[in-house]
$ cat run.txt   # compact mmCIF, C-alpha atoms and all ligand atoms
# COMPACT_ATOMS: atom_id res chain seq x y z
CA MET A 665 -2.45 45.52 24.59
CA ALA A 666 -5.06 43.22 22.91
CA PHE A 667 -3.48 44.13 19.55
CA GLY A 668 -0.08 42.95 20.88
CA ILE A 669 -1.55 39.59 22.01
CA ASP A 670 -3.17 39.16 18.58
CA ILE A 671 0.17 39.64 16.86
CA THR A 672 1.88 37.17 19.23
CA LEU A 673 -0.89 34.61 18.62
CA MET A 674 -0.65 35.09 14.87
CA SER A 675 3.14 34.71 14.95
CA MET A 676 2.78 31.51 16.99
CA CYS A 677 0.23 30.22 14.47
CA TYR A 678 2.63 30.96 11.58
CA ILE A 679 5.50 29.27 13.44
CA ALA A 680 3.29 26.21 14.15
CA ILE A 681 2.21 25.99 10.48
CA ALA A 682 5.82 26.40 9.33
CA LEU A 683 6.90 23.65 11.76
CA VAL A 684 4.18 21.26 10.49
CA ILE A 685 5.08 21.95 6.84
CA GLY A 686 8.79 21.59 7.67
CA ALA A 687 8.17 18.29 9.46
CA LEU A 688 6.11 17.01 6.53
CA LEU A 689 8.80 17.99 4.03
CA LEU A 690 11.50 16.42 6.20
CA GLY A 691 9.41 13.25 6.49
CA LEU A 692 8.92 13.15 2.72
CA ILE A 693 12.61 13.70 1.99
CA SER A 694 13.61 11.06 4.59
CA LEU A 695 11.18 8.58 3.03
CA GLN A 696 12.52 9.29 -0.45
CA LEU A 697 16.08 8.81 0.83
CA PHE A 698 15.02 5.59 2.58
CA ILE A 699 13.45 4.28 -0.67
CA TYR A 700 16.52 5.33 -2.64
CA PHE A 701 19.03 3.65 -0.32
CA THR A 702 17.03 0.46 0.35
CA THR A 703 15.99 -0.22 -3.27
CA GLY A 704 17.80 -3.25 -4.61
CA VAL A 705 19.85 -2.59 -7.73
CA CYS A 706 21.00 -5.33 -10.08
CA LYS A 707 24.78 -5.19 -9.79
CA SER A 708 25.55 -7.76 -12.47
CA LYS A 709 27.26 -6.36 -15.56
CA ARG A 710 26.64 -9.57 -17.49
CA LYS A 711 26.00 -9.23 -21.19
CA MET A 712 23.29 -11.45 -22.64
CA ASN A 713 24.58 -11.93 -26.21
CA GLY A 714 23.31 -15.19 -27.63
CA LYS A 715 20.51 -15.39 -25.04
CA THR A 716 16.83 -15.09 -25.90
CA VAL A 717 14.55 -13.46 -23.35
CA LEU A 718 10.76 -13.61 -23.67
CA ILE A 719 8.93 -10.94 -21.64
CA THR A 720 5.15 -10.82 -21.39
CA GLY A 721 3.34 -7.49 -21.13
CA CYS A 722 6.20 -5.10 -21.73
CA THR A 723 4.39 -2.14 -23.27
CA SER A 724 4.61 -0.20 -20.00
CA GLY A 725 5.84 -0.10 -16.41
CA ILE A 726 8.17 -2.75 -15.05
CA GLY A 727 8.13 -4.90 -18.21
CA LYS A 728 9.14 -2.00 -20.43
CA GLU A 729 12.15 -1.15 -18.25
CA THR A 730 13.11 -4.82 -17.94
CA ALA A 731 13.05 -5.10 -21.75
CA ARG A 732 15.12 -1.92 -22.09
CA ASP A 733 17.82 -3.16 -19.70
CA LEU A 734 18.03 -6.61 -21.28
CA ALA A 735 18.13 -5.07 -24.76
CA LYS A 736 21.14 -2.99 -23.60
CA ARG A 737 22.77 -6.25 -22.55
CA GLU A 738 22.36 -7.42 -26.15
CA ALA A 739 19.86 -10.22 -25.57
CA ARG A 740 17.38 -11.19 -28.26
CA ILE A 741 14.13 -9.81 -26.88
CA ILE A 742 10.71 -11.31 -27.65
CA MET A 743 8.10 -8.78 -26.61
CA ALA A 744 4.92 -10.80 -25.98
CA CYS A 745 2.19 -8.18 -25.92
CA ARG A 746 -1.53 -7.92 -26.59
CA ASN A 747 -1.31 -4.39 -27.99
CA VAL A 748 0.91 -4.92 -31.02
CA ASP A 749 0.83 -1.26 -32.13
CA ALA A 750 2.03 0.00 -28.74
CA ALA A 751 4.63 -2.77 -28.58
CA THR A 752 5.94 -2.00 -32.08
CA LYS A 753 6.31 1.68 -31.16
CA LEU A 754 8.23 0.71 -28.03
CA LYS A 755 10.35 -1.74 -30.00
CA ASP A 756 11.41 1.12 -32.33
CA GLU A 757 12.24 3.22 -29.25
CA LEU A 758 14.32 0.40 -27.74
CA VAL A 759 16.20 -0.23 -31.01
CA ASN A 760 16.92 3.48 -31.21
CA ASP A 761 18.01 3.80 -27.56
CA THR A 762 20.07 0.62 -27.28
CA GLY A 763 21.30 -0.10 -30.80
CA ASN A 764 20.01 -3.66 -30.38
CA THR A 765 18.09 -4.64 -33.52
CA ASN A 766 17.42 -8.17 -32.29
CA ILE A 767 14.00 -7.34 -30.83
CA VAL A 768 10.72 -8.80 -32.07
CA VAL A 769 7.07 -8.21 -31.18
CA LYS A 770 4.62 -11.11 -30.99
CA LYS A 771 0.93 -10.94 -30.27
CA LEU A 772 -0.11 -12.52 -26.96
CA ASP A 773 -3.31 -11.97 -25.02
CA LEU A 774 -2.94 -13.89 -21.76
CA SER A 775 -6.67 -13.69 -21.07
CA SER A 776 -7.38 -15.88 -24.12
CA LEU A 777 -6.47 -19.58 -24.17
CA LYS A 778 -6.66 -19.47 -27.99
CA SER A 779 -4.22 -16.55 -28.20
CA ILE A 780 -1.80 -18.34 -25.85
CA ARG A 781 -1.89 -21.48 -27.98
CA GLU A 782 -1.36 -19.53 -31.22
CA PHE A 783 1.51 -17.56 -29.65
CA ALA A 784 3.23 -20.66 -28.26
CA GLU A 785 2.84 -22.49 -31.56
CA GLN A 786 4.56 -19.58 -33.34
CA ILE A 787 7.39 -19.37 -30.78
CA ASN A 788 8.01 -23.13 -30.90
CA ARG A 789 8.08 -22.97 -34.70
CA GLU A 790 10.26 -19.87 -35.10
CA GLU A 791 12.64 -19.72 -32.13
CA LYS A 792 15.69 -21.95 -31.64
CA ASN A 793 15.88 -21.10 -27.93
CA VAL A 794 14.21 -19.31 -25.05
CA HIS A 795 16.69 -18.94 -22.19
CA VAL A 796 14.62 -16.65 -19.98
CA LEU A 797 10.83 -16.48 -19.73
CA ILE A 798 9.62 -13.52 -17.67
CA HIS A 799 5.97 -13.71 -16.66
CA ASN A 800 5.56 -9.99 -16.17
CA ALA A 801 2.12 -9.13 -17.64
CA GLY A 802 -0.55 -8.42 -15.09
CA THR A 803 -3.88 -6.73 -14.66
CA ALA A 804 -5.84 -5.42 -11.68
CA GLU A 805 -9.47 -4.38 -11.48
CA THR A 806 -11.18 -2.56 -8.63
CA PHE A 807 -14.92 -3.01 -8.99
CA LYS A 808 -15.63 -4.15 -12.57
CA LYS A 809 -16.27 -7.86 -12.85
CA LYS A 810 -14.99 -9.26 -16.16
CA ILE A 811 -15.10 -12.75 -17.61
CA THR A 812 -12.95 -13.94 -20.50
CA GLU A 813 -14.13 -15.62 -23.71
CA ASP A 814 -13.21 -18.92 -22.01
CA GLY A 815 -15.54 -18.22 -19.06
CA ILE A 816 -12.67 -17.51 -16.66
CA GLU A 817 -12.55 -14.55 -14.27
CA MET A 818 -10.35 -11.92 -16.00
CA THR A 819 -7.75 -11.18 -13.28
CA MET A 820 -7.13 -14.84 -12.49
CA ALA A 821 -7.07 -15.70 -16.23
CA THR A 822 -4.50 -13.02 -17.11
CA ASN A 823 -2.29 -13.19 -14.04
CA GLN A 824 -2.28 -16.91 -13.28
CA TYR A 825 -4.10 -19.32 -15.59
CA GLY A 826 -2.75 -17.85 -18.85
CA PRO A 827 0.88 -17.99 -17.63
CA PHE A 828 0.28 -21.55 -16.36
CA LEU A 829 -0.78 -22.71 -19.84
CA LEU A 830 1.98 -20.70 -21.55
CA THR A 831 4.66 -22.26 -19.32
CA HIS A 832 3.48 -25.73 -20.31
CA LEU A 833 3.40 -24.95 -24.01
CA LEU A 834 6.96 -23.53 -23.93
CA ILE A 835 8.51 -25.99 -21.49
CA ASP A 836 10.14 -28.27 -24.08
CA LEU A 837 11.82 -25.27 -25.70
CA LEU A 838 13.00 -24.02 -22.29
CA LYS A 839 14.38 -27.46 -21.47
CA ARG A 840 16.22 -27.64 -24.79
CA SER A 841 17.66 -24.17 -24.04
CA ALA A 842 18.89 -25.14 -20.55
CA PRO A 843 20.34 -23.66 -18.46
CA SER A 844 17.21 -21.52 -18.61
CA ARG A 845 15.14 -19.50 -16.18
CA ILE A 846 11.44 -18.85 -15.56
CA ILE A 847 10.69 -15.70 -13.58
CA PHE A 848 7.32 -14.69 -12.16
CA VAL A 849 6.54 -11.12 -11.11
CA ALA A 850 4.35 -11.75 -8.04
CA SER A 851 3.69 -9.36 -5.14
CA GLU A 852 3.99 -8.98 -1.39
CA LEU A 853 0.26 -8.25 -1.51
CA TYR A 854 -0.13 -12.03 -1.54
CA HIS A 855 -0.20 -11.69 2.26
CA LEU A 856 -3.72 -10.24 1.94
CA ALA A 857 -5.17 -13.35 0.28
CA THR A 858 -5.33 -17.11 0.12
CA LEU A 859 -6.59 -19.73 -2.35
CA ASN A 860 -10.20 -20.85 -2.02
CA PHE A 861 -10.15 -24.35 -3.48
CA ASP A 862 -13.96 -24.39 -3.54
CA ASN A 863 -13.97 -21.45 -5.93
CA LEU A 864 -10.89 -21.18 -8.13
CA ASN A 865 -12.82 -19.39 -10.88
CA PRO A 866 -14.34 -16.68 -8.66
CA THR A 867 -16.50 -14.86 -11.19
CA THR A 868 -18.61 -13.15 -8.52
CA THR A 869 -15.87 -12.20 -6.04
CA PHE A 870 -14.83 -8.55 -5.48
CA PRO A 871 -12.26 -8.03 -8.31
CA ALA A 872 -9.77 -5.93 -6.29
CA TYR A 873 -9.32 -8.86 -3.89
CA LEU A 874 -8.71 -11.23 -6.79
CA TYR A 875 -5.53 -9.36 -7.69
CA TYR A 876 -4.09 -10.44 -4.32
CA VAL A 877 -5.37 -14.00 -4.89
CA SER A 878 -3.71 -14.09 -8.33
CA LYS A 879 -0.38 -13.00 -6.82
CA TYR A 880 -0.71 -15.65 -4.10
CA ALA A 881 -1.39 -18.16 -6.89
CA ASN A 882 1.74 -17.01 -8.77
CA ILE A 883 3.91 -17.92 -5.79
CA VAL A 884 2.22 -21.28 -5.14
CA PHE A 885 2.64 -22.08 -8.85
CA THR A 886 6.31 -21.00 -9.04
CA LEU A 887 7.30 -23.11 -6.02
CA GLU A 888 5.52 -26.19 -7.41
CA LEU A 889 7.04 -25.53 -10.84
CA ALA A 890 10.52 -25.42 -9.29
CA ARG A 891 9.87 -28.76 -7.53
CA ARG A 892 8.71 -30.36 -10.79
CA LEU A 893 11.62 -28.95 -12.83
CA LYS A 894 14.34 -30.18 -10.47
CA GLY A 895 17.19 -31.72 -12.47
CA THR A 896 16.06 -30.31 -15.85
CA GLY A 897 18.34 -27.26 -15.91
CA VAL A 898 15.29 -24.96 -15.89
CA THR A 899 14.89 -22.87 -12.74
CA ALA A 900 11.77 -21.06 -11.52
CA ASN A 901 11.79 -18.10 -9.13
CA CYS A 902 9.39 -15.31 -8.26
CA LEU A 903 9.67 -11.78 -6.92
CA HIS A 904 8.07 -8.70 -5.52
CA PRO A 905 9.15 -5.59 -7.49
CA GLY A 906 8.22 -3.10 -4.73
CA MET A 907 5.29 -0.70 -4.88
CA ILE A 908 5.75 0.90 -8.28
CA ASN A 909 4.21 3.96 -9.91
CA SER A 910 3.08 2.10 -13.05
CA GLY A 911 0.01 1.41 -15.16
CA ILE A 912 -1.23 -1.37 -12.85
CA TRP A 913 -3.29 1.19 -10.92
CA ARG A 914 -5.05 2.53 -14.03
CA ASN A 915 -8.38 0.83 -13.29
CA VAL A 916 -8.80 2.47 -9.89
CA PRO A 917 -11.73 4.86 -10.38
CA ALA A 918 -12.00 8.48 -9.19
CA PRO A 919 -12.10 9.75 -6.51
CA LEU A 920 -10.03 6.85 -5.12
CA SER A 921 -7.49 7.37 -7.91
CA TRP A 922 -6.86 11.00 -6.90
CA GLY A 923 -5.40 10.05 -3.54
CA LEU A 924 -3.69 6.99 -4.96
CA ASN A 925 -1.99 9.00 -7.71
CA LEU A 926 -0.61 11.41 -5.15
CA ILE A 927 0.71 8.57 -2.98
CA ALA A 928 2.10 6.72 -6.04
CA ARG A 929 3.93 9.85 -7.26
CA GLY A 930 5.27 10.74 -3.82
CA PHE A 931 6.08 7.38 -2.28
CA PHE A 932 6.17 4.58 -4.84
CA LYS A 933 9.29 3.51 -6.72
CA THR A 934 9.84 4.23 -10.41
CA PRO A 935 9.43 1.49 -13.06
CA VAL A 936 13.24 1.49 -13.51
CA GLN A 937 13.62 0.70 -9.80
CA GLY A 938 10.77 -1.83 -10.07
CA ALA A 939 12.54 -3.70 -12.86
CA GLN A 940 15.75 -4.33 -10.87
CA THR A 941 14.77 -7.63 -9.26
CA SER A 942 13.40 -9.05 -12.54
CA ILE A 943 16.68 -8.10 -14.24
CA HIS A 944 18.70 -9.58 -11.37
CA LEU A 945 16.82 -12.89 -11.64
CA ALA A 946 17.30 -12.93 -15.41
CA VAL A 947 21.04 -12.19 -15.55
CA SER A 948 22.85 -12.75 -12.26
CA GLU A 949 25.51 -15.47 -12.35
CA ASP A 950 25.05 -15.83 -8.58
CA LEU A 951 21.66 -17.39 -9.30
CA ASN A 952 22.85 -20.20 -11.57
CA GLY A 953 20.92 -23.26 -10.41
CA VAL A 954 18.93 -21.34 -7.77
CA SER A 955 15.26 -22.34 -7.95
CA GLY A 956 12.03 -22.18 -5.95
CA LYS A 957 12.88 -18.89 -4.21
CA TYR A 958 11.18 -15.54 -3.70
CA PHE A 959 13.11 -12.27 -4.10
CA LEU A 960 12.66 -8.65 -3.11
CA ASP A 961 15.11 -5.82 -3.75
CA CYS A 962 17.44 -8.32 -5.50
CA ARG A 963 17.72 -10.42 -2.34
CA GLU A 964 16.11 -13.71 -1.35
CA TYR A 965 13.15 -13.12 0.93
CA GLY A 966 11.07 -15.33 3.21
CA LEU A 967 7.56 -16.56 2.43
CA SER A 968 4.61 -17.40 4.65
CA GLN A 969 4.09 -21.06 5.52
CA GLY A 970 0.69 -21.17 3.82
CA VAL A 971 1.92 -20.10 0.41
CA SER A 972 4.90 -22.48 0.54
CA ASP A 973 2.89 -25.61 1.40
CA PRO A 974 3.83 -28.31 -1.17
CA ALA A 975 0.48 -30.10 -0.73
CA LYS A 976 -1.28 -26.88 -1.69
CA GLY A 977 1.02 -26.50 -4.71
CA LYS A 978 0.24 -30.01 -5.98
CA LYS A 979 -3.50 -29.61 -5.53
CA PHE A 980 -3.54 -26.16 -7.16
CA TRP A 981 -1.55 -27.47 -10.12
CA GLU A 982 -4.20 -30.08 -10.86
CA CYS A 983 -6.96 -27.43 -10.63
CA CYS A 984 -5.04 -25.18 -13.05
CA GLU A 985 -4.82 -28.05 -15.55
CA THR A 986 -8.61 -28.36 -15.51
CA ILE A 987 -9.34 -24.61 -15.67
CA THR A 988 -6.95 -24.08 -18.60
CA LYS A 989 -8.50 -27.07 -20.41
CA MET A 990 -5.14 -28.73 -20.93
CA LYS A 991 -5.13 -31.44 -23.57
CA ALA A 992 -3.70 -34.94 -23.26
CA THR A 993 -1.27 -34.04 -26.06
CA ASP A 994 0.08 -30.92 -24.26
CA PRO A 995 3.52 -31.18 -22.64
CA LYS A 996 3.37 -32.27 -19.00
CA ILE A 997 5.57 -30.80 -16.32
N1 LIG A 1001 3.13 -1.76 -9.83
C1 LIG A 1001 3.28 -2.37 -8.67
O1 LIG A 1001 3.31 -1.74 -7.59
C2 LIG A 1001 3.40 -3.86 -8.62
C3 LIG A 1001 3.63 -4.47 -7.38
C4 LIG A 1001 3.74 -5.85 -7.33
C5 LIG A 1001 3.66 -6.59 -8.50
N2 LIG A 1001 3.41 -5.97 -9.69
C6 LIG A 1001 3.31 -6.81 -10.90
O2 LIG A 1001 4.23 -6.32 -11.86
C7 LIG A 1001 3.81 -6.76 -13.17
C8 LIG A 1001 3.95 -5.62 -14.14
O3 LIG A 1001 2.99 -4.64 -13.82
P1 LIG A 1001 3.26 -3.06 -13.89
O4 LIG A 1001 3.20 -2.59 -12.50
O5 LIG A 1001 4.43 -2.76 -14.72
O6 LIG A 1001 1.90 -2.58 -14.58
P2 LIG A 1001 1.58 -2.06 -16.06
O7 LIG A 1001 2.36 -0.86 -16.35
O8 LIG A 1001 0.10 -1.97 -16.09
O9 LIG A 1001 2.06 -3.23 -17.02
C9 LIG A 1001 1.29 -4.38 -17.18
C10 LIG A 1001 1.58 -4.99 -18.53
O10 LIG A 1001 0.77 -6.18 -18.64
C11 LIG A 1001 0.13 -6.15 -19.89
N3 LIG A 1001 -1.10 -6.93 -19.92
C12 LIG A 1001 -2.23 -6.73 -19.20
N4 LIG A 1001 -3.16 -7.62 -19.55
C13 LIG A 1001 -2.60 -8.41 -20.50
C14 LIG A 1001 -3.06 -9.51 -21.27
N5 LIG A 1001 -4.30 -9.98 -21.15
N6 LIG A 1001 -2.22 -10.09 -22.14
C15 LIG A 1001 -0.97 -9.62 -22.32
N7 LIG A 1001 -0.48 -8.57 -21.64
C16 LIG A 1001 -1.29 -7.97 -20.74
C17 LIG A 1001 -0.13 -4.69 -20.15
O11 LIG A 1001 -0.39 -4.51 -21.52
P3 LIG A 1001 -1.41 -3.41 -22.12
O12 LIG A 1001 -0.55 -2.24 -22.42
O13 LIG A 1001 -1.96 -4.08 -23.33
O14 LIG A 1001 -2.44 -3.16 -21.07
C18 LIG A 1001 1.17 -4.07 -19.68
O15 LIG A 1001 2.14 -4.14 -20.68
C19 LIG A 1001 2.38 -7.27 -12.97
O16 LIG A 1001 2.41 -8.69 -12.97
C20 LIG A 1001 1.97 -6.75 -11.62
O17 LIG A 1001 1.03 -7.57 -11.00
C21 LIG A 1001 3.29 -4.62 -9.79
$ encode --input "run.txt" --output "structure tokens"
Amino acid sequence: MAFGIDITLMSMCYIAIALVIGALLLGLISLQLFIYFTTGVCKSKRKMNGKTVLITGCTSGIGKETARDLAKREARIIMACRNVDAATKLKDELVNDTGNTNIVVKKLDLSSLKSIREFAEQINREEKNVHVLIHNAGTAETFKKKITEDGIEMTMATNQYGPFLLTHLLIDLLKRSAPSRIIFVASELYHLATLNFDNLNPTTTFPAYLYYVSKYANIVFTLELARRLKGTGVTANCLHPGMINSGIWRNVPAPLSWGLNLIARGFFKTPVQGAQTSIHLAVSEDLNGVSGKYFLDCREYGLSQGVSDPAKGKKFWECCETITKMKATDPKI
């Protein structure tokens, strides 16, 4: 009798375990289907012959797939990367895959004001046009505090202050190339942060938090840039690519990275999916003249009131000019 009850209990246990595993699998498949069907896809078939696209940080992740797509569309691609060897290898891969030989690699380290100036000087000297500037490069730290050679906190320097200076140094070329577009890869994680005007070079703040601050700053900057560029033929828009399984998480240390890697593999989008909104903003005819907007999944998306405040944008702009040591002879926007 007791033996019979044991078997019934065991069977019920097996059924319960099977039900839990089944429910988990069903949940996972439903989530994957949800991600698949809700991910924005750039529908434009536009070719980009005759257009020059400059993409920062395209040795991996979203930037790499953005470069690949735009190379297929026959644009001239300027790969602005700090790791020239990795970029050159990728360039060869892209030429091979797409048949587009009009791809060049240029050295750019966005954490160095000197490197940005040297890069911009070379681009202004060598390039007739830049029709699309994609501020894609980004870095994220978890615990390690890093300061650049210019005394600027590393995450803010790479993700915000470097692109601010670069935009200024290329603005005359972008204006001459009009209609032209500036695109900033920001993040929905901006919701987790704000700008502390008393400490815009936060060298002692928890680095992981500064990633969110830098993405908040990207949006404030893009909106102010769009206001200042009104009537010039140069537009400025920003975007959230989605949560993407890319290299941006590489600095998360173990054991945190173990869980994160599992989640990223199971639930995050691929870099190809992550590149769609950047591509859409670069090529879509529907966006001719559209400026000062934020996009997600290839659609315009709302922003919080705080990040869209024009007074904040103006004040932040002036702070950026000081932090990036802008010279009186630099172009003004
Ligand atoms: N992944 C996401 O879930 C997610 C979500 C929202 C927004 N984003 C944003 O998407 C953009 C692309 O990131 P990703 O996810 O594709 O990550 P990724 O694979 O790590 O790519 C980042 C790129 O930025 C480059 N980079 C880093 N520091 C640089 C510097 N100082 N100068 C020049 N290039 C530098 C990297 O070059 P190296 O190879 O030399 O390191 C790499 O090519 C970033 O702006 C990120 O903030 C990502």
$ residues_around --input "run.txt" --residues "range 912-922 of chain A" --least-positions-apart "5" --cutoff "12 Å" --atoms "only C-alpha atoms" --output "list in words"
Gly721, Thr723, Ser724, Gly725, Ile726, Gly727, Asn800, Ala801, Gly802, Thr803, Ala804, Glu805, Thr806, Phe807, Lys808, Lys809, Thr819, Asn823, Pro871, Ala872, Tyr875, Met907, Ile927, Ala928, Arg929, Phe932 and Pro935 of chain A
$ residues_around --input "run.txt" --residues "range 969-973 of chain A" --least-positions-apart "2" --cutoff "6 Å" --atoms "only C-alpha atoms" --output "list in words"
Val884, Ala975 and Lys976 of chain A
$ axis_aligned_box --input "run.txt" --around "ligand LIG 1001 (chain A)" --padding-each-side "3 Å" --output "AutoDock Vina command-line options"
--center_x 0.1 --center_y -5.5 --center_z -15.3 --size_x 14.7 --size_y 15.2 --size_z 22.0
$ closest_residue --input "run.txt" --among "A:Arg781, A:Lys933, A:Lys978, A:Lys996" --to "ligand LIG 1001 (chain A)" --atoms "all atoms listed in the file"
A:Lys933
$ closest_residue --input "run.txt" --among "A:Ser675, A:Thr934, A:Thr812, A:Thr752" --to "Thr867 in chain A" --atoms "all atoms listed in the file"
A:Thr812
$ closest_residue --input "run.txt" --among "A:Gln940, A:Ser910, A:Gln824, A:Ser955" --to "ligand LIG 1001 (chain A)" --atoms "only C-alpha atoms and all ligand atoms"
A:Ser910
$ closest_residue --input "run.txt" --among "A:Ala751, A:Leu951, A:Ile908, A:Ala739" --to "Gly763 in chain A" --atoms "only C-alpha atoms"
A:Ala739
$ closest_residue --input "run.txt" --among "A:Lys707, A:Lys810, A:Lys728, A:Arg740" --to "Leu874 in chain A" --atoms "all atoms listed in the file"
A:Lys810
$ residues_near_point --input "run.txt" --point "(14.1, -0.6, -6.8)" --cutoff "8 Å" --atoms "all atoms listed in the file" --output "PyMOL selection string"
chain A and resi 699-700+702-705+905-906+933-934+936-941+961
$ residues_around --input "run.txt" --residues "Tyr854 in chain A" --least-positions-apart "6" --cutoff "7 Å" --atoms "only C-alpha atoms" --output "PyMOL selection string"
chain A and resi 876-877+879-880
$ residues_around --input "run.txt" --residues "Met743 in chain A" --least-positions-apart "3" --cutoff "8 Å" --atoms "only C-alpha atoms" --output "MDAnalysis selection string"
chainID A and resid 718:722 731 751 767:770
